[in-house]
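Engineer: Input file: structure17.csv. Contents: CSV, C-alpha atoms and all ligand atoms.
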```csv
chain,number,residue,atom,x,y,z
A,1,MET,CA,-11.0,1.0,39.8
A,2,ASP,CA,-9.0,-1.6,38.0
A,3,HIS,CA,-10.3,-3.1,34.8
A,4,SER,CA,-6.9,-3.9,33.2
A,5,LEU,CA,-7.0,-7.6,33.0
A,6,THR,CA,-4.7,-9.9,31.0
A,7,ILE,CA,-6.9,-12.1,28.8
A,8,SER,CA,-5.6,-14.9,26.7
A,9,VAL,CA,-7.6,-16.2,23.7
A,10,ALA,CA,-6.7,-19.8,22.9
A,11,ALA,CA,-8.1,-22.8,20.9
A,12,GLY,CA,-7.3,-26.5,21.0
A,13,LYS,CA,-6.6,-26.3,17.2
A,14,GLY,CA,-6.1,-23.8,14.5
A,15,GLY,CA,-8.8,-22.3,12.3
A,16,THR,CA,-11.5,-22.0,15.0
A,17,GLY,CA,-11.8,-18.2,14.9
A,18,LYS,CA,-9.5,-17.5,17.9
A,19,THR,CA,-7.9,-14.5,16.2
A,20,LEU,CA,-11.4,-13.1,15.2
A,21,VAL,CA,-12.5,-13.3,18.8
A,22,ALA,CA,-9.3,-11.7,20.2
A,23,THR,CA,-9.2,-8.8,17.7
A,24,SER,CA,-13.0,-8.2,17.9
A,25,LEU,CA,-12.7,-8.1,21.7
A,26,ALA,CA,-9.8,-5.6,21.5
A,27,VAL,CA,-11.8,-3.3,19.2
A,28,ALA,CA,-14.9,-3.4,21.3
A,29,LEU,CA,-13.0,-2.7,24.5
A,30,ASN,CA,-11.1,0.1,22.9
A,31,ARG,CA,-14.4,1.8,22.0
A,32,ARG,CA,-15.3,1.8,25.7
A,33,TRP,CA,-11.8,2.6,27.0
A,34,PRO,CA,-10.0,4.4,24.1
A,35,GLY,CA,-6.2,4.0,24.2
A,36,GLN,CA,-6.3,1.5,27.1
A,37,VAL,CA,-6.1,-1.7,25.2
A,38,GLN,CA,-3.3,-3.7,23.8
A,39,LEU,CA,-3.3,-6.8,21.5
A,40,LEU,CA,-0.3,-9.1,21.7
A,41,ASP,CA,-0.1,-11.6,18.9
A,42,CYS,CA,1.7,-14.6,20.5
A,43,ASP,CA,0.9,-16.9,17.6
A,44,VAL,CA,4.5,-16.3,16.6
A,45,GLU,CA,4.7,-19.1,14.0
A,46,GLU,CA,1.8,-17.7,12.1
A,47,PRO,CA,0.9,-14.2,13.3
A,48,ASN,CA,-2.2,-12.9,11.6
A,49,ALA,CA,-4.0,-10.5,13.9
A,50,ASP,CA,-2.5,-7.6,11.9
A,51,ILE,CA,-4.7,-8.6,8.9
A,52,LEU,CA,-7.7,-7.7,11.0
A,53,LEU,CA,-6.4,-4.7,12.9
A,54,HIS,CA,-4.1,-3.1,10.3
A,55,PRO,CA,-1.5,-1.7,12.7
A,56,GLU,CA,1.5,0.4,11.7
A,57,LEU,CA,4.5,-1.3,13.2
A,58,PRO,CA,7.4,1.2,13.1
A,59,ASP,CA,9.5,-0.4,15.9
A,60,SER,CA,11.0,-3.8,16.1
A,61,GLU,CA,13.5,-5.7,18.2
A,62,PRO,CA,15.4,-8.9,17.5
A,63,VAL,CA,15.0,-11.9,19.8
A,64,PHE,CA,18.1,-13.8,20.7
A,65,ILE,CA,18.8,-17.0,22.6
A,66,LYS,CA,22.1,-18.2,23.9
A,67,VAL,CA,23.5,-21.3,22.0
A,68,PRO,CA,26.7,-23.2,22.8
A,69,GLU,CA,30.0,-22.7,21.0
A,70,VAL,CA,32.6,-25.4,21.8
A,71,ASP,CA,36.3,-24.7,22.1
A,72,MET,CA,37.7,-28.0,20.8
A,73,SER,CA,41.2,-27.1,22.1
A,74,VAL,CA,39.8,-27.2,25.6
A,75,CYS,CA,37.1,-30.0,25.2
A,76,ILE,CA,38.1,-33.4,26.7
A,77,ARG,CA,35.2,-35.2,24.8
A,78,CYS,CA,33.6,-36.4,28.0
A,79,GLY,CA,30.1,-36.3,26.6
A,80,LYS,CA,28.5,-34.7,29.6
A,81,CYS,CA,27.0,-31.8,27.5
A,82,ALA,CA,25.2,-34.3,25.2
A,83,GLU,CA,23.8,-36.2,28.3
A,84,ALA,CA,22.5,-33.0,29.8
A,85,CYS,CA,20.7,-31.7,26.6
A,86,GLN,CA,17.0,-32.6,26.5
A,87,PHE,CA,16.7,-31.5,22.9
A,88,SER,CA,19.4,-33.5,21.2
A,89,ALA,CA,21.0,-30.1,20.2
A,90,ILE,CA,24.6,-31.2,21.0
A,91,ALA,CA,26.2,-34.5,20.3
A,92,VAL,CA,29.7,-36.0,20.9
A,93,ILE,CA,30.5,-38.3,18.0
A,94,HIS,CA,34.0,-39.9,18.0
A,95,GLN,CA,36.3,-36.9,18.4
A,96,ALA,CA,33.9,-34.2,17.4
A,97,VAL,CA,31.3,-32.2,19.3
A,98,LEU,CA,28.4,-31.2,17.0
A,99,THR,CA,25.9,-28.6,17.8
A,100,PHE,CA,22.4,-28.1,16.2
A,101,PRO,CA,21.5,-24.5,16.9
A,102,GLU,CA,18.0,-24.8,15.3
A,103,LEU,CA,17.1,-27.4,18.0
A,104,CYS,CA,18.6,-25.5,20.9
A,105,SER,CA,16.4,-23.9,23.5
A,106,GLY,CA,19.2,-21.8,25.0
A,107,CYS,CA,18.7,-23.5,28.4
A,108,GLY,CA,22.5,-23.3,29.2
A,109,ALA,CA,22.6,-26.8,30.7
A,110,CYS,CA,25.5,-28.0,28.5
A,111,ALA,CA,27.7,-25.0,29.6
A,112,TYR,CA,26.8,-25.6,33.2
A,113,VAL,CA,27.8,-29.3,33.2
A,114,CYS,CA,31.0,-28.9,31.1
A,115,PRO,CA,33.8,-29.8,33.5
A,116,VAL,CA,36.5,-27.8,31.7
A,117,ASP,CA,34.5,-24.6,30.6
A,118,ALA,CA,34.9,-25.5,27.0
A,119,ILE,CA,31.5,-24.0,26.1
A,120,THR,CA,30.8,-20.3,25.5
A,121,GLU,CA,27.3,-19.1,25.0
A,122,ILE,CA,26.8,-17.0,21.9
A,123,ASN,CA,23.7,-15.0,20.7
A,124,ARG,CA,21.5,-16.6,18.0
A,125,ASN,CA,18.7,-14.6,16.4
A,126,VAL,CA,15.4,-16.7,16.5
A,127,GLY,CA,12.8,-14.1,15.6
A,128,SER,CA,11.6,-10.6,16.2
A,129,VAL,CA,9.0,-8.5,18.0
A,130,ALA,CA,7.3,-5.6,16.2
A,131,MET,CA,5.4,-2.8,18.0
A,132,GLY,CA,3.1,-0.1,17.0
A,133,ARG,CA,-0.6,1.0,17.0
A,134,THR,CA,-3.7,0.4,15.0
A,135,PRO,CA,-5.5,3.3,13.3
A,136,GLU,CA,-8.0,3.4,16.2
A,137,GLY,CA,-5.3,3.5,18.9
A,138,ILE,CA,-4.9,-0.1,20.1
A,139,GLN,CA,-1.4,-0.8,21.1
A,140,PHE,CA,-0.2,-3.7,18.9
A,141,VAL,CA,2.7,-6.2,19.6
A,142,GLN,CA,3.5,-9.0,17.2
A,143,GLY,CA,6.0,-11.8,17.6
A,144,ARG,CA,7.4,-13.7,14.6
A,145,VAL,CA,9.8,-16.7,14.8
A,146,ASN,CA,12.3,-17.0,12.0
A,147,VAL,CA,11.2,-19.3,9.1
A,148,GLY,CA,12.4,-22.8,9.8
A,149,ASP,CA,13.2,-22.2,13.4
A,150,GLN,CA,11.9,-24.8,15.9
A,151,ARG,CA,11.8,-22.6,19.0
A,152,ALA,CA,8.7,-20.4,19.3
A,153,THR,CA,8.8,-20.1,23.0
A,154,PRO,CA,11.6,-17.6,23.4
A,155,VAL,CA,9.7,-15.3,20.9
A,156,THR,CA,6.5,-15.7,22.8
A,157,LYS,CA,8.3,-14.8,26.0
A,158,ALA,CA,9.7,-11.7,24.3
A,159,VAL,CA,6.2,-10.7,23.3
A,160,ARG,CA,4.9,-11.2,26.8
A,161,LYS,CA,7.5,-8.8,28.2
A,162,HIS,CA,5.4,-6.0,26.5
A,163,ILE,CA,2.3,-6.7,28.7
A,164,ALA,CA,1.5,-3.4,30.3
A,165,ASP,CA,0.0,-3.5,33.8
A,166,ASP,CA,-2.1,-0.4,33.2
A,167,LEU,CA,-3.7,-1.6,29.9
A,168,ILE,CA,-6.2,-4.3,29.1
A,169,SER,CA,-4.0,-6.9,27.5
A,170,ILE,CA,-5.5,-9.4,25.0
A,171,LEU,CA,-3.1,-12.2,24.1
A,172,ASP,CA,-3.8,-14.2,20.9
A,173,ALA,CA,-2.3,-17.6,21.8
A,174,PRO,CA,-0.9,-20.1,19.4
A,175,PRO,CA,-3.3,-23.0,18.5
A,176,GLY,CA,-3.0,-26.3,20.4
A,177,THR,CA,-1.9,-26.9,24.0
A,178,ALA,CA,1.9,-27.3,23.6
A,179,CYS,CA,4.6,-25.2,25.2
A,180,PRO,CA,4.0,-21.9,23.2
A,181,MET,CA,0.3,-21.9,24.2
A,182,GLN,CA,1.2,-22.6,27.8
A,183,GLU,CA,3.8,-19.9,27.8
A,184,THR,CA,1.2,-17.5,26.5
A,185,ILE,CA,-1.6,-18.2,29.0
A,186,GLU,CA,0.7,-18.5,32.0
A,187,GLY,CA,-0.3,-15.8,34.6
A,188,SER,CA,-3.3,-14.6,32.6
A,189,ASP,CA,-6.3,-13.5,34.6
A,190,TYR,CA,-8.6,-15.4,32.3
A,191,CYS,CA,-8.5,-17.6,29.2
A,192,ILE,CA,-11.2,-17.5,26.5
A,193,LEU,CA,-11.3,-20.9,24.8
A,194,VAL,CA,-12.7,-20.7,21.3
A,195,THR,CA,-14.1,-23.9,19.8
A,196,GLU,CA,-16.5,-25.2,17.2
A,197,PRO,CA,-19.6,-27.3,18.1
A,198,THR,CA,-18.3,-30.6,16.6
A,199,PRO,CA,-17.0,-33.8,18.2
A,200,PHE,CA,-13.5,-32.9,17.0
A,201,GLY,CA,-13.9,-29.4,18.5
A,202,LEU,CA,-15.0,-30.9,21.8
A,203,GLU,CA,-12.0,-33.2,22.0
A,204,ASN,CA,-9.6,-30.3,21.5
A,205,LEU,CA,-11.6,-28.2,23.9
A,206,LYS,CA,-11.3,-30.8,26.6
A,207,GLU,CA,-7.5,-30.7,26.2
A,208,ALA,CA,-7.4,-26.9,26.4
A,209,MET,CA,-9.6,-26.9,29.5
A,210,ALA,CA,-7.3,-29.4,31.2
A,211,THR,CA,-4.3,-27.2,30.4
A,212,CYS,CA,-6.0,-24.2,31.9
A,213,ARG,CA,-7.0,-26.1,35.0
A,214,ARG,CA,-3.4,-27.4,35.4
A,215,MET,CA,-2.1,-23.9,35.1
A,216,ASN,CA,-4.7,-22.4,37.4
A,217,VAL,CA,-6.0,-20.0,34.8
A,218,PRO,CA,-9.8,-19.5,34.9
A,219,TYR,CA,-11.5,-20.0,31.6
A,220,GLY,CA,-14.8,-19.8,29.7
A,221,VAL,CA,-15.9,-20.9,26.2
A,222,VAL,CA,-16.8,-19.1,23.0
A,223,ILE,CA,-18.6,-21.3,20.4
A,224,ASN,CA,-17.8,-20.2,16.9
A,225,ARG,CA,-19.7,-21.3,13.8
A,226,ASP,CA,-22.6,-22.1,16.1
A,227,GLY,CA,-25.1,-24.2,14.3
A,228,ILE,CA,-22.8,-26.3,12.1
A,229,GLY,CA,-22.5,-29.3,14.4
A,230,ASP,CA,-24.1,-30.9,17.4
A,231,ARG,CA,-24.8,-30.0,21.0
A,232,GLY,CA,-21.9,-31.9,22.4
A,233,VAL,CA,-19.9,-28.8,23.5
A,234,GLU,CA,-22.9,-27.2,25.2
A,235,GLU,CA,-23.8,-30.4,27.0
A,236,TYR,CA,-20.2,-31.0,28.1
A,237,CYS,CA,-19.8,-27.4,29.4
A,238,ASP,CA,-23.2,-27.7,31.3
A,239,ARG,CA,-22.0,-30.9,32.9
A,240,GLU,CA,-18.7,-29.4,33.9
A,241,GLY,CA,-20.1,-26.1,35.0
A,242,VAL,CA,-18.1,-24.1,32.4
A,243,GLN,CA,-19.5,-20.8,31.3
A,244,ILE,CA,-20.3,-20.3,27.6
A,245,LEU,CA,-19.4,-16.7,27.1
A,246,MET,CA,-20.7,-16.2,23.6
A,247,ARG,CA,-22.0,-17.9,20.5
A,248,ILE,CA,-21.0,-16.7,17.1
A,249,PRO,CA,-23.4,-18.1,14.6
A,250,GLN,CA,-22.4,-19.7,11.3
A,251,GLN,CA,-23.2,-16.9,8.9
A,252,ARG,CA,-21.9,-16.1,5.5
A,253,GLU,CA,-21.7,-12.4,6.4
A,254,VAL,CA,-19.3,-13.2,9.3
A,255,ALA,CA,-17.0,-15.2,7.0
A,256,GLU,CA,-17.2,-12.5,4.3
A,257,ALA,CA,-16.2,-9.8,6.8
A,258,TYR,CA,-13.3,-11.9,8.0
A,259,SER,CA,-12.1,-12.3,4.4
A,260,ARG,CA,-12.3,-8.6,3.9
A,261,GLY,CA,-10.0,-8.1,7.0
A,262,GLU,CA,-12.6,-6.9,9.4
A,263,THR,CA,-13.4,-7.9,12.9
A,264,LEU,CA,-16.9,-8.6,14.2
A,265,ALA,CA,-16.8,-5.2,16.0
A,266,HIS,CA,-15.9,-3.4,12.7
A,267,SER,CA,-18.5,-5.0,10.5
A,268,PHE,CA,-21.5,-5.5,12.9
A,269,THR,CA,-22.1,-2.8,15.4
A,270,GLU,CA,-24.6,-5.1,17.2
A,271,TRP,CA,-21.6,-7.2,18.3
A,272,VAL,CA,-19.8,-4.5,20.2
A,273,GLU,CA,-22.1,-4.6,23.2
A,274,PRO,CA,-22.1,-8.4,23.6
A,275,LEU,CA,-18.2,-8.4,23.4
A,276,GLN,CA,-18.1,-5.6,26.1
A,277,ARG,CA,-20.6,-7.6,28.2
A,278,MET,CA,-18.4,-10.7,27.9
A,279,TYR,CA,-15.5,-8.7,29.4
A,280,ASP,CA,-17.7,-7.4,32.2
A,281,TYR,CA,-18.6,-11.0,33.0
A,282,ILE,CA,-14.9,-11.9,33.0
A,283,ILE,CA,-14.1,-9.0,35.3
A,284,ALA,CA,-16.9,-10.1,37.7
A,285,SER,CA,-15.9,-13.7,37.6
A,286,VAL,CA,-12.2,-13.0,38.5
A,287,GLY,CA,-13.2,-10.6,41.2
A,288,VAL,CA,-12.1,-7.2,39.8
A,289,THR,CA,-14.4,-4.2,39.8
A,290,ALA,CA,-15.0,-2.5,36.4
A,291,GLY,CA,-14.2,1.1,36.2
A,292,GLY,CA,-15.9,3.7,34.0
A,293,GLY,CA,-13.0,4.9,31.8
A,294,ASP,CA,-10.5,5.8,34.5
A,301,LIG,S1,21.8,-24.8,25.6
A,301,LIG,FE1,20.4,-26.4,26.4
A,301,LIG,S2,19.2,-27.0,24.5
A,301,LIG,FE2,21.0,-25.8,23.8
A,301,LIG,S3,22.5,-27.4,23.4
A,301,LIG,FE3,22.9,-26.7,25.5
A,301,LIG,S4,21.7,-28.1,26.8
A,301,LIG,FE4,21.0,-28.4,24.7
A,302,LIG,S1,30.9,-31.3,28.4
A,302,LIG,FE1,32.6,-29.9,27.7
A,302,LIG,S2,34.4,-31.2,27.7
A,302,LIG,FE2,32.7,-32.6,27.8
A,302,LIG,S3,32.3,-33.1,25.6
A,302,LIG,FE3,31.0,-31.4,26.1
A,302,LIG,S4,32.2,-29.6,25.6
A,302,LIG,FE4,33.6,-31.3,25.6
```
Represent the supplied structure as structure tokens.
Ligand code: SF4
Ligand code: SF4

Structural biologist:
Amino acid sequence: MDHSLTISVAAGKGGTGKTLVATSLAVALNRRWPGQVQLLDCDVEEPNADILLHPELPDSEPVFIKVPEVDMSVCIRCGKCAEACQFSAIAVIHQAVLTFPELCSGCGACAYVCPVDAITEINRNVGSVAMGRTPEGIQFVQGRVNVGDQRATPVTKAVRKHIADDLISILDAPPGTACPMQETIEGSDYCILVTEPTPFGLENLKEAMATCRRMNVPYGVVINRDGIGDRGVEEYCDREGVQILMRIPQQREVAEAYSRGETLAHSFTEWVEPLQRMYDYIIASVGVTAGGGD
């Protein structure tokens, strides 16, 4: 029986406890299915799941994109490359063609439209992916974009290549709903949206829900710091028929455990079963039958 879903954990904004939920879920599921869980940290601009799971990461690979290099002895200064670029990463100014590699997405459009083949695509390193295992045997993959680089998406894509069909894959998505978050959740079986019960949290949650709907990814909600705000998130989810998967109360002990670098599942044994039940609910809701450790 297949229980190897790909689950993204996302949030409309940073600091809502998304990584705490992703890592806690990974630990709880690994206790039920040892060695059958992987955590992929797709928050490549600020990866921090390693602080809670303490992996050893002996292997790493660089991530490259293709950027243009212009042979000015061939270029006829027609400007077609600059017109084709959606990122203002190449410009023709007077007699010069300037490139701005840190803005380039590596889409290849400029080389494609160049009428005289003056553009060669060369590798540019934009980040890296590190791989290893946590002490309890969770496979761990972490992407990291180079400091100052604008392009997180190629690194997120490189992390996603490590999704294993035969493992439960938990993806810690970047905060917000921009391209890197969308790149992370694309094709996931389910997306857990983490929010806080405040008006600001609700507005961000609405955007994240709309993104999941647009991308056809089923979703449910985890309310973190339950008790700090109002009932707006609950009432909205009720009205929209969205499942609240779990509530994590605002407790000093939870914040203290987080600051010690511990997940909920590490610090509070009573959280392991609810996290496992949340996964069972997700399996049922996406129509996959849970297995018993096969
Ligand atoms: S590869 Fe794409 S993003 Fe980069 S300069 Fe060319 S057109 Fe612009
Ligand atoms: S499209 Fe080619 S020929 Fe035209 S300006 Fe760009 S590099 Fe030069």

Engineer: Write out as JSON, numbers by chain each polymer residue (protein, DNA or RNA) that has an atom no more than 7 Å from ligand LIG 301 (chain A), with all atoms listed in the file counted.

Structural biologist: {"A": [66, 67, 68, 81, 84, 85, 86, 87, 88, 89, 90, 99, 103, 104, 105, 106, 107, 108, 109, 110, 111]}

Engineer: May I have a table of the residues of chain A lying at most 12 Å from ligand LIG 302 (chain A), giving each one's closest pair of atoms and their distance in Å to one decimal, counting all atoms listed in the file, ordered by chain and ascending residue number, as CSV?

Structural biologist:
```
residue,atom,partner,partner_atom,distance
A:Pro68,CA,A:LIG302,S4,8.9
A:Glu69,CA,A:LIG302,S4,8.6
A:Val70,CA,A:LIG302,S4,5.7
A:Asp71,CA,A:LIG302,S4,7.3
A:Met72,CA,A:LIG302,FE4,7.1
A:Ser73,CA,A:LIG302,FE4,9.4
A:Val74,CA,A:LIG302,S2,7.0
A:Cys75,CA,A:LIG302,FE4,3.8
A:Ile76,CA,A:LIG302,S2,4.4
A:Arg77,CA,A:LIG302,S3,3.7
A:Cys78,CA,A:LIG302,FE2,3.9
A:Gly79,CA,A:LIG302,S3,4.0
A:Lys80,CA,A:LIG302,S1,4.3
A:Cys81,CA,A:LIG302,S1,4.0
A:Ala82,CA,A:LIG302,FE3,6.5
A:Glu83,CA,A:LIG302,S1,8.6
A:Ala84,CA,A:LIG302,S1,8.7
A:Cys85,CA,A:LIG302,FE3,10.3
A:Ala89,CA,A:LIG302,FE3,11.7
A:Ile90,CA,A:LIG302,FE3,8.2
A:Ala91,CA,A:LIG302,FE3,8.1
A:Val92,CA,A:LIG302,S3,6.1
A:Ile93,CA,A:LIG302,S3,9.4
A:His94,CA,A:LIG302,S3,10.3
A:Gln95,CA,A:LIG302,S3,9.1
A:Ala96,CA,A:LIG302,S3,8.4
A:Val97,CA,A:LIG302,S3,6.4
A:Leu98,CA,A:LIG302,FE3,9.5
A:Thr99,CA,A:LIG302,S4,10.1
A:Gly108,CA,A:LIG302,S1,11.6
A:Ala109,CA,A:LIG302,S1,9.7
A:Cys110,CA,A:LIG302,S1,6.3
A:Ala111,CA,A:LIG302,S1,7.2
A:Tyr112,CA,A:LIG302,S1,8.5
A:Val113,CA,A:LIG302,S1,6.1
A:Cys114,CA,A:LIG302,S1,3.6
A:Pro115,CA,A:LIG302,FE1,5.9
A:Val116,CA,A:LIG302,S2,5.7
A:Asp117,CA,A:LIG302,FE1,6.3
A:Ala118,CA,A:LIG302,FE1,5.0
A:Ile119,CA,A:LIG302,S4,5.7
A:Thr120,CA,A:LIG302,S4,9.4
A:Glu121,CA,A:LIG302,S4,11.6
```

Engineer: Need the shell around Val159 of chain A: protein/DNA/RNA residues with any atom at most 12 Å away, counting only C-alpha atoms. Skip same-chain ones fewer than 6 positions apart. Format as an MDAnalysis selection string?

Structural biologist: chainID A and resid 38:44 47 60:63 127:131 140:145 152:153 169:173 180 183:184

Engineer: Would you compute the distance between atom CA of Ala11 of chain A and atom CA of Ile51 of chain A? Give it in Å to one decimal.

Structural biologist: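 According to the coordinates, atom CA of Ala11 of chain A and atom CA of Ile51 of chain A are separated by 18.9 Å.
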
Engineer: Which residues come within 10 Å of Tyr279 of chain A, counting only C-alpha atoms, excluding same-chain residues fewer than 2 positions away, as a ChimeraX atom specification?

Structural biologist: /A:3,5,7,25,28-29,245,273-277,281-285,290

Engineer: For Gly201 of chain A, find every residue with an atom within 12 Å (counting only C-alpha atoms), except residues of its own chain fewer than 2 positions away, and show them as a CSV table (one decimal) with C-alpha atoms, in the frame of the given file.

Structural biologist:
```
chain,number,residue,atom,x,y,z
A,11,ALA,CA,-8.1,-22.8,20.9
A,12,GLY,CA,-7.3,-26.5,21.0
A,13,LYS,CA,-6.6,-26.3,17.2
A,14,GLY,CA,-6.1,-23.8,14.5
A,15,GLY,CA,-8.8,-22.3,12.3
A,16,THR,CA,-11.5,-22.0,15.0
A,17,GLY,CA,-11.8,-18.2,14.9
A,176,GLY,CA,-3.0,-26.3,20.4
A,193,LEU,CA,-11.3,-20.9,24.8
A,194,VAL,CA,-12.7,-20.7,21.3
A,195,THR,CA,-14.1,-23.9,19.8
A,196,GLU,CA,-16.5,-25.2,17.2
A,197,PRO,CA,-19.6,-27.3,18.1
A,198,THR,CA,-18.3,-30.6,16.6
A,199,PRO,CA,-17.0,-33.8,18.2
A,203,GLU,CA,-12.0,-33.2,22.0
A,204,ASN,CA,-9.6,-30.3,21.5
A,205,LEU,CA,-11.6,-28.2,23.9
A,206,LYS,CA,-11.3,-30.8,26.6
A,207,GLU,CA,-7.5,-30.7,26.2
A,208,ALA,CA,-7.4,-26.9,26.4
A,221,VAL,CA,-15.9,-20.9,26.2
A,222,VAL,CA,-16.8,-19.1,23.0
A,223,ILE,CA,-18.6,-21.3,20.4
A,224,ASN,CA,-17.8,-20.2,16.9
A,225,ARG,CA,-19.7,-21.3,13.8
A,226,ASP,CA,-22.6,-22.1,16.1
A,228,ILE,CA,-22.8,-26.3,12.1
A,229,GLY,CA,-22.5,-29.3,14.4
A,230,ASP,CA,-24.1,-30.9,17.4
A,231,ARG,CA,-24.8,-30.0,21.0
A,232,GLY,CA,-21.9,-31.9,22.4
A,233,VAL,CA,-19.9,-28.8,23.5
A,234,GLU,CA,-22.9,-27.2,25.2
A,236,TYR,CA,-20.2,-31.0,28.1
```

Engineer: Write out as a PyMOL selection string which residues come within 8 Å of Leu20 of chain A when counting all atoms listed in the file, dropping same-chain ones fewer than 6 positions away.

Structural biologist: chain A and resi 49+52+258+263-264

Engineer: Quick check, in Å to one decimal: how far apart do atom CA of Glu235 of chain A and atom CA of Pro249 of chain A lie?

Structural biologist: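 Atom-to-atom, atom CA of Glu235 of chain A to atom CA of Pro249 of chain A, that is 17.5 Å.
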
Engineer: How far is it from atom CA of Gln150 of chain A to atom CA of Leu57 of chain A, in Å with one decimal?

Structural biologist: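 Separation between atom CA of Gln150 of chain A and atom CA of Leu57 of chain A: 24.8 Å.
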
Engineer: Tell me which of A:Ala158, A:Ala164, A:Met209, A:Ala22 sits closest to Gly241 of chain A, counting all atoms listed in the file.

Structural biologist: A:Met209

Engineer: I need the residue nearest Arg31 of chain A from this list: A:Val286, A:Val242, A:Val272, A:Val217. Use all atoms listed in the file for the distance.

Structural biologist: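 Of all the options, A:Val272 lies closest to Arg31 of chain A.
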
Engineer: For a quick check of understanding, using all atoms listed in the file, which of A:Asp166, A:Ile185, A:Tyr219, A:Glu45 has the smallest distance to Gly148 of chain A?

Structural biologist: A:Glu45

Engineer: Could you work out an axis-aligned bounding box for all listed atoms of segment 85-93 of chain A, with 8 Å added on each of the six sides, and give its centre and edge lengths in Å to one decimal, as AutoDock Vina command-line options?

Structural biologist:
```
--center_x 23.6 --center_y -34.2 --center_z 22.3 --size_x 29.8 --size_y 24.2 --size_z 24.6
```

Engineer: Pick out the closest residue to His162 of chain A from this set: A:Gly261, A:Pro34, A:Pro58, A:Gly132. Count all atoms listed in the file.

Structural biologist: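 Of A:Gly261, A:Pro34, A:Pro58, A:Gly132, the one nearest His162 of chain A is A:Gly132, counting all atoms listed in the file.
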
Engineer: Leaving out Val126 of chain A and any residue of its chain fewer than 4 positions from it, which residues lie within 8 Å of it when counting only C-alpha atoms, given as a PyMOL selection string?

Structural biologist: chain A and resi 62-65+145-146+149+151+154-155

Engineer: Identify which of the residues A:Gly35, A:Ser8, A:Val21, A:Asn123 lies closest to Met246 of chain A, counting only C-alpha atoms when measuring atom-to-atom distances.

Structural biologist: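 Checking each candidate against Met246 of chain A, we get A:Val21 as the closest.
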